[in-house]
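Undergrad: So I've got this file, target-v2.csv, and it contains CSV, N, CA and C atoms:
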```
chain,number,residue,atom,x,y,z
A,1,MET,N,4.4,50.0,-7.4
A,1,MET,CA,3.5,49.0,-7.5
A,1,MET,C,4.2,47.7,-7.8
A,2,VAL,N,3.9,46.6,-7.0
A,2,VAL,CA,4.5,45.3,-7.2
A,2,VAL,C,3.7,44.5,-8.1
A,3,GLU,N,4.3,44.0,-9.2
A,3,GLU,CA,3.6,43.1,-10.2
A,3,GLU,C,3.7,41.7,-9.6
A,4,GLN,N,2.5,41.0,-9.6
A,4,GLN,CA,2.5,39.7,-9.0
A,4,GLN,C,2.4,38.7,-10.1
A,5,ASN,N,3.1,37.6,-9.9
A,5,ASN,CA,3.1,36.5,-10.9
A,5,ASN,C,1.8,35.7,-10.8
A,6,PRO,N,1.1,35.6,-11.9
A,6,PRO,CA,-0.1,34.8,-11.9
A,6,PRO,C,0.1,33.3,-11.6
A,7,GLN,N,1.3,32.8,-11.8
A,7,GLN,CA,1.7,31.4,-11.5
A,7,GLN,C,1.6,31.2,-10.0
A,8,ALA,N,1.9,32.2,-9.2
A,8,ALA,CA,1.9,32.1,-7.8
A,8,ALA,C,0.4,31.8,-7.3
A,9,PHE,N,-0.6,32.3,-8.0
A,9,PHE,CA,-2.0,32.1,-7.6
A,9,PHE,C,-2.5,30.7,-8.0
A,10,ILE,N,-1.9,30.1,-9.0
A,10,ILE,CA,-2.3,28.8,-9.5
A,10,ILE,C,-1.9,27.7,-8.6
A,11,GLY,N,-0.6,27.7,-8.2
A,11,GLY,CA,-0.1,26.7,-7.4
A,11,GLY,C,-0.1,25.4,-8.2
A,12,ARG,N,-0.3,24.3,-7.5
A,12,ARG,CA,-0.5,23.0,-8.2
A,12,ARG,C,-1.9,22.8,-8.5
A,13,VAL,N,-2.2,22.6,-9.8
A,13,VAL,CA,-3.6,22.3,-10.2
A,13,VAL,C,-3.8,20.8,-10.1
A,14,ARG,N,-4.9,20.4,-9.5
A,14,ARG,CA,-5.2,19.0,-9.3
A,14,ARG,C,-5.8,18.5,-10.6
A,15,LEU,N,-5.2,17.5,-11.1
A,15,LEU,CA,-5.6,16.9,-12.4
A,15,LEU,C,-6.4,15.6,-12.1
A,16,PRO,N,-7.2,15.1,-13.0
A,16,PRO,CA,-8.0,13.9,-12.8
A,16,PRO,C,-7.1,12.7,-12.5
A,17,ARG,N,-7.5,11.8,-11.5
A,17,ARG,CA,-6.8,10.6,-11.3
A,17,ARG,C,-7.8,9.5,-11.3
A,18,GLY,N,-7.4,8.3,-11.7
A,18,GLY,CA,-8.3,7.1,-11.7
A,18,GLY,C,-9.5,7.3,-12.6
A,19,LYS,N,-10.7,7.2,-11.9
A,19,LYS,CA,-12.0,7.4,-12.7
A,19,LYS,C,-12.5,8.8,-12.8
A,20,GLU,N,-11.8,9.7,-12.2
A,20,GLU,CA,-12.3,11.1,-12.2
A,20,GLU,C,-12.3,11.7,-13.6
A,21,VAL,N,-13.2,12.7,-13.8
A,21,VAL,CA,-13.4,13.3,-15.1
A,21,VAL,C,-13.6,14.8,-14.9
A,22,LEU,N,-13.1,15.6,-15.8
A,22,LEU,CA,-13.3,17.1,-15.7
A,22,LEU,C,-14.7,17.4,-16.3
A,23,GLY,N,-15.3,18.4,-15.8
A,23,GLY,CA,-16.6,18.8,-16.3
A,23,GLY,C,-16.9,20.3,-16.0
A,24,VAL,N,-18.0,20.8,-16.7
A,24,VAL,CA,-18.4,22.2,-16.5
A,24,VAL,C,-19.9,22.1,-16.1
A,25,VAL,N,-20.2,22.9,-15.0
A,25,VAL,CA,-21.6,22.9,-14.5
A,25,VAL,C,-22.4,23.7,-15.5
A,26,ILE,N,-23.5,23.1,-16.0
A,26,ILE,CA,-24.4,23.8,-16.9
A,26,ILE,C,-25.8,24.2,-16.3
A,27,GLY,N,-26.1,23.6,-15.1
A,27,GLY,CA,-27.3,24.0,-14.5
A,27,GLY,C,-27.4,23.5,-13.0
A,28,LEU,N,-28.0,24.3,-12.2
A,28,LEU,CA,-28.2,24.0,-10.8
A,28,LEU,C,-29.6,23.4,-10.6
A,29,MET,N,-29.8,22.3,-10.0
A,29,MET,CA,-31.1,21.7,-9.8
A,29,MET,C,-31.7,21.8,-8.5
A,30,GLY,N,-30.9,22.3,-7.5
A,30,GLY,CA,-31.4,22.4,-6.1
A,30,GLY,C,-31.0,21.2,-5.3
A,31,GLY,N,-31.0,21.4,-4.0
A,31,GLY,CA,-30.7,20.2,-3.1
A,31,GLY,C,-29.3,19.7,-3.3
A,32,SER,N,-28.3,20.6,-3.6
A,32,SER,CA,-26.9,20.3,-3.8
A,32,SER,C,-26.7,19.4,-5.0
A,33,ARG,N,-27.6,19.5,-6.0
A,33,ARG,CA,-27.5,18.7,-7.2
A,33,ARG,C,-27.3,19.7,-8.4
A,34,MET,N,-26.6,19.2,-9.4
A,34,MET,CA,-26.4,20.0,-10.6
A,34,MET,C,-26.2,19.1,-11.8
A,35,ARG,N,-26.4,19.7,-13.0
A,35,ARG,CA,-26.2,19.1,-14.2
A,35,ARG,C,-24.8,19.5,-14.7
A,36,VAL,N,-24.0,18.5,-15.1
A,36,VAL,CA,-22.6,18.7,-15.5
A,36,VAL,C,-22.3,18.1,-16.8
A,37,THR,N,-21.7,18.8,-17.7
A,37,THR,CA,-21.2,18.3,-19.0
A,37,THR,C,-19.8,17.9,-18.8
A,38,CYS,N,-19.5,16.6,-19.0
A,38,CYS,CA,-18.2,16.1,-18.7
A,38,CYS,C,-17.3,16.0,-20.0
A,39,LYS,N,-16.0,15.9,-19.8
A,39,LYS,CA,-15.1,15.9,-20.9
A,39,LYS,C,-15.3,14.6,-21.8
A,40,ASP,N,-15.8,13.5,-21.2
A,40,ASP,CA,-16.0,12.3,-21.9
A,40,ASP,C,-17.2,12.4,-22.8
A,41,GLY,N,-17.9,13.5,-22.8
A,41,GLY,CA,-19.0,13.7,-23.7
A,41,GLY,C,-20.4,13.3,-23.1
A,42,LYS,N,-20.4,13.1,-21.9
A,42,LYS,CA,-21.7,12.7,-21.2
A,42,LYS,C,-22.2,13.8,-20.3
A,43,ASP,N,-23.5,13.9,-20.2
A,43,ASP,CA,-24.1,14.8,-19.2
A,43,ASP,C,-24.5,14.0,-18.0
A,44,ARG,N,-24.1,14.4,-16.8
A,44,ARG,CA,-24.4,13.7,-15.6
A,44,ARG,C,-25.1,14.6,-14.6
A,45,MET,N,-25.9,14.0,-13.8
A,45,MET,CA,-26.5,14.6,-12.6
A,45,MET,C,-25.6,14.4,-11.5
A,46,CYS,N,-25.0,15.4,-10.9
A,46,CYS,CA,-24.0,15.3,-9.9
A,46,CYS,C,-24.5,15.9,-8.6
A,47,ARG,N,-23.9,15.5,-7.5
A,47,ARG,CA,-24.3,16.0,-6.2
A,47,ARG,C,-23.0,16.4,-5.5
A,48,ILE,N,-23.1,17.3,-4.5
A,48,ILE,CA,-22.0,17.6,-3.7
A,48,ILE,C,-22.1,16.8,-2.4
A,49,PRO,N,-21.1,15.9,-2.1
A,49,PRO,CA,-21.2,15.1,-0.9
A,49,PRO,C,-21.3,15.9,0.3
A,50,GLY,N,-21.8,15.3,1.4
A,50,GLY,CA,-22.0,15.9,2.7
A,50,GLY,C,-20.8,16.5,3.3
A,51,ARG,N,-19.6,15.9,3.1
A,51,ARG,CA,-18.4,16.4,3.6
A,51,ARG,C,-17.9,17.7,3.0
A,52,MET,N,-18.4,18.0,1.8
A,52,MET,CA,-18.1,19.2,1.1
A,52,MET,C,-19.2,20.3,1.0
A,53,LYS,N,-20.4,19.9,1.5
A,53,LYS,CA,-21.6,20.7,1.2
A,53,LYS,C,-21.5,22.1,1.7
A,54,ASN,N,-20.9,22.4,2.9
A,54,ASN,CA,-20.9,23.7,3.4
A,54,ASN,C,-19.6,24.4,3.2
A,55,THR,N,-18.6,23.8,2.5
A,55,THR,CA,-17.3,24.4,2.2
A,55,THR,C,-17.2,24.8,0.8
A,56,VAL,N,-17.9,24.1,-0.1
A,56,VAL,CA,-17.7,24.4,-1.6
A,56,VAL,C,-19.0,25.0,-2.1
A,57,TRP,N,-18.9,26.1,-2.7
A,57,TRP,CA,-20.1,26.8,-3.3
A,57,TRP,C,-19.9,26.8,-4.8
A,58,VAL,N,-20.8,26.1,-5.6
A,58,VAL,CA,-20.7,25.9,-7.0
A,58,VAL,C,-21.7,26.7,-7.7
A,59,LYS,N,-21.4,27.3,-8.8
A,59,LYS,CA,-22.4,28.1,-9.6
A,59,LYS,C,-22.2,27.6,-11.1
A,60,GLU,N,-23.1,28.1,-11.9
A,60,GLU,CA,-23.1,27.7,-13.3
A,60,GLU,C,-21.8,28.2,-14.0
A,61,GLY,N,-21.2,27.4,-14.8
A,61,GLY,CA,-20.0,27.8,-15.5
A,61,GLY,C,-18.7,27.4,-14.8
A,62,ASP,N,-18.8,26.9,-13.6
A,62,ASP,CA,-17.6,26.5,-12.8
A,62,ASP,C,-17.1,25.2,-13.4
A,63,VAL,N,-15.8,25.0,-13.4
A,63,VAL,CA,-15.1,23.8,-13.8
A,63,VAL,C,-15.0,22.9,-12.5
A,64,VAL,N,-15.4,21.7,-12.6
A,64,VAL,CA,-15.4,20.8,-11.5
A,64,VAL,C,-14.7,19.4,-11.9
A,65,LEU,N,-14.4,18.7,-10.9
A,65,LEU,CA,-13.8,17.3,-11.0
A,65,LEU,C,-14.9,16.4,-10.5
A,66,ILE,N,-15.3,15.4,-11.4
A,66,ILE,CA,-16.4,14.5,-11.1
A,66,ILE,C,-15.9,13.1,-10.9
A,67,GLU,N,-16.4,12.4,-10.0
A,67,GLU,CA,-16.2,11.0,-9.9
A,67,GLU,C,-17.5,10.2,-10.1
A,68,PRO,N,-17.6,9.6,-11.3
A,68,PRO,CA,-18.8,8.8,-11.6
A,68,PRO,C,-19.1,7.7,-10.7
A,69,TYR,N,-20.4,7.4,-10.5
A,69,TYR,CA,-20.8,6.3,-9.6
A,69,TYR,C,-20.4,5.0,-10.3
A,70,ASP,N,-20.3,3.9,-9.4
A,70,ASP,CA,-20.0,2.6,-10.0
A,70,ASP,C,-21.3,2.1,-10.7
A,71,ILE,N,-22.4,2.4,-10.1
A,71,ILE,CA,-23.7,2.0,-10.8
A,71,ILE,C,-24.3,3.3,-11.4
A,72,GLU,N,-24.7,3.2,-12.6
A,72,GLU,CA,-25.3,4.3,-13.4
A,72,GLU,C,-24.2,5.4,-13.5
A,73,GLY,N,-23.0,5.0,-13.7
A,73,GLY,CA,-21.9,6.0,-13.9
A,73,GLY,C,-21.9,6.9,-15.1
A,74,ASP,N,-22.7,6.5,-16.1
A,74,ASP,CA,-22.9,7.3,-17.3
A,74,ASP,C,-23.9,8.5,-17.0
A,75,LYS,N,-24.7,8.4,-15.9
A,75,LYS,CA,-25.7,9.3,-15.7
A,75,LYS,C,-25.5,10.1,-14.4
A,76,LYS,N,-24.8,9.6,-13.4
A,76,LYS,CA,-24.7,10.2,-12.1
A,76,LYS,C,-23.2,10.2,-11.6
A,77,GLY,N,-22.9,11.1,-10.7
A,77,GLY,CA,-21.6,11.2,-10.1
A,77,GLY,C,-21.6,12.2,-8.9
A,78,ASP,N,-20.4,12.2,-8.3
A,78,ASP,CA,-20.1,13.1,-7.2
A,78,ASP,C,-19.1,14.2,-7.6
A,79,VAL,N,-19.3,15.4,-7.1
A,79,VAL,CA,-18.3,16.5,-7.3
A,79,VAL,C,-17.2,16.3,-6.2
A,80,THR,N,-16.0,16.1,-6.7
A,80,THR,CA,-14.9,15.9,-5.8
A,80,THR,C,-14.0,17.2,-5.6
A,81,TRP,N,-14.1,18.1,-6.6
A,81,TRP,CA,-13.2,19.3,-6.5
A,81,TRP,C,-13.8,20.4,-7.4
A,82,ARG,N,-13.7,21.6,-6.9
A,82,ARG,CA,-14.1,22.8,-7.7
A,82,ARG,C,-12.8,23.7,-8.0
A,83,TYR,N,-12.6,24.0,-9.2
A,83,TYR,CA,-11.4,24.8,-9.6
A,83,TYR,C,-11.8,26.3,-9.4
A,84,ASN,N,-10.8,27.1,-9.0
A,84,ASN,CA,-11.0,28.6,-9.0
A,84,ASN,C,-10.8,29.1,-10.4
A,85,PRO,N,-11.2,30.3,-10.7
A,85,PRO,CA,-11.2,30.8,-12.1
A,85,PRO,C,-9.8,30.8,-12.7
A,86,ILE,N,-8.8,31.1,-11.9
A,86,ILE,CA,-7.4,31.1,-12.5
A,86,ILE,C,-7.0,29.7,-12.8
A,87,GLN,N,-7.3,28.7,-12.0
A,87,GLN,CA,-7.0,27.3,-12.3
A,87,GLN,C,-7.8,26.8,-13.5
A,88,ALA,N,-9.0,27.2,-13.6
A,88,ALA,CA,-9.9,26.8,-14.8
A,88,ALA,C,-9.3,27.4,-16.1
A,89,ARG,N,-8.8,28.7,-16.0
A,89,ARG,CA,-8.2,29.2,-17.2
A,89,ARG,C,-6.9,28.5,-17.6
A,90,TRP,N,-6.1,28.1,-16.6
A,90,TRP,CA,-4.9,27.3,-16.9
A,90,TRP,C,-5.3,26.0,-17.5
A,91,LEU,N,-6.3,25.3,-17.0
A,91,LEU,CA,-6.7,24.1,-17.6
A,91,LEU,C,-7.2,24.2,-19.1
A,92,LYS,N,-7.9,25.3,-19.4
A,92,LYS,CA,-8.3,25.6,-20.8
A,92,LYS,C,-7.1,25.9,-21.7
A,93,GLU,N,-6.2,26.7,-21.2
A,93,GLU,CA,-5.0,27.1,-22.0
A,93,GLU,C,-4.1,25.9,-22.2
A,94,ASN,N,-4.1,24.9,-21.4
A,94,ASN,CA,-3.2,23.7,-21.5
A,94,ASN,C,-4.0,22.5,-22.1
A,95,ASN,N,-5.2,22.8,-22.6
A,95,ASN,CA,-6.0,21.8,-23.4
A,95,ASN,C,-6.4,20.6,-22.5
A,96,HIS,N,-6.6,20.8,-21.2
A,96,HIS,CA,-7.2,19.7,-20.4
A,96,HIS,C,-8.7,19.7,-20.5
A,97,ILE,N,-9.3,20.9,-20.8
A,97,ILE,CA,-10.8,20.9,-21.0
A,97,ILE,C,-11.1,21.1,-22.5
```
As structure tokens - that is how I would like this structure written.

TA:
Amino acid sequence: MVEQNPQAFIGRVRLPRGKEVLGVVIGLMGGSRMRVTCKDGKDRMCRIPGRMKNTVWVKEGDVVLIEPYDIEGDKKGDVTWRYNPIQARWLKENNHI
């Protein structure tokens, strides 16, 4: 049996750039909208943009990358990335979340 390196499954983990914020999905609201608790301490109503709608499936407890809106940025934002479970564990172990 060949033992596989978990680092090989992680690859490069995308970290927040610019205005982006890490968050955890706490509830699905329907219509590609969800409630997200962000690392900056704010709860935001976020949506999955049309370009990602059919390719990204998000459920409660997933770690996501959020880009807050320019207007009402403290309350609303867009999901720009969803981390897989191995990447989310890496983020937690390295104190990014």

Undergrad: Calculate how many Å separate atom C of Ala88 in chain A from atom N of Glu72 in chain A, rounding to one decimal.

TA: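 We find that atom C of Ala88 in chain A and atom N of Glu72 in chain A lie 28.9 Å from each other.
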
Undergrad: Using only C-alpha atoms, pick whichever of A:Ile86, A:Val58, A:Ile66, A:Leu15 has the shortest atom-to-atom distance to Gly30 in chain A.

TA: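 Of the candidates, the smallest distance to Gly30 in chain A is held by A:Val58.
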
Undergrad: Could you please determine the separation between CA of Asp74 in chain A and CA of Glu20 in chain A in Å, to one decimal place?

TA: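 CA of Glu20 in chain A lies at a distance of 12.4 Å from CA of Asp74 in chain A.
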
Undergrad: CA of Asn94 in chain A to CA of Arg47 in chain A: how many Å, to one decimal?

TA: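 Straight-line distance from CA of Asn94 in chain A to CA of Arg47 in chain A works out to 27.2 Å.
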
Undergrad: Just checking: using only C-alpha atoms, which residue out of A:Arg44, A:Val25, A:Trp81, A:Leu91 ends up closest to Gly61 in chain A?

TA: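 Looking only at the distances to Gly61 in chain A, the closest residue turns out to be A:Val25.
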
Undergrad: Go through A:Ile26, A:Arg12, A:Thr80, A:Thr37 one by one, measure the shortest atom-to-atom distance of each to Pro49 in chain A using all atoms listed in the file, and give the residue with the smallest value.

TA: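 Once distances to Pro49 in chain A are computed over all atoms listed in the file, the minimum belongs to A:Thr80.
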
Undergrad: Mind the document's chain letters and residue numbers, and return as a PyMOL selection string the residues of chain A that DSSP labels helix (DSSP H, G or I).

TA: chain A and resi 6-10+85-93

Undergrad: List the spatial neighbours of Gly77 in chain A as an MDAnalysis selection string - criterion: any atom at most 6 Å away, only N, CA and C atoms, same-chain residues fewer than 5 positions off excluded.

TA: chainID A and resid 44:47 67:69
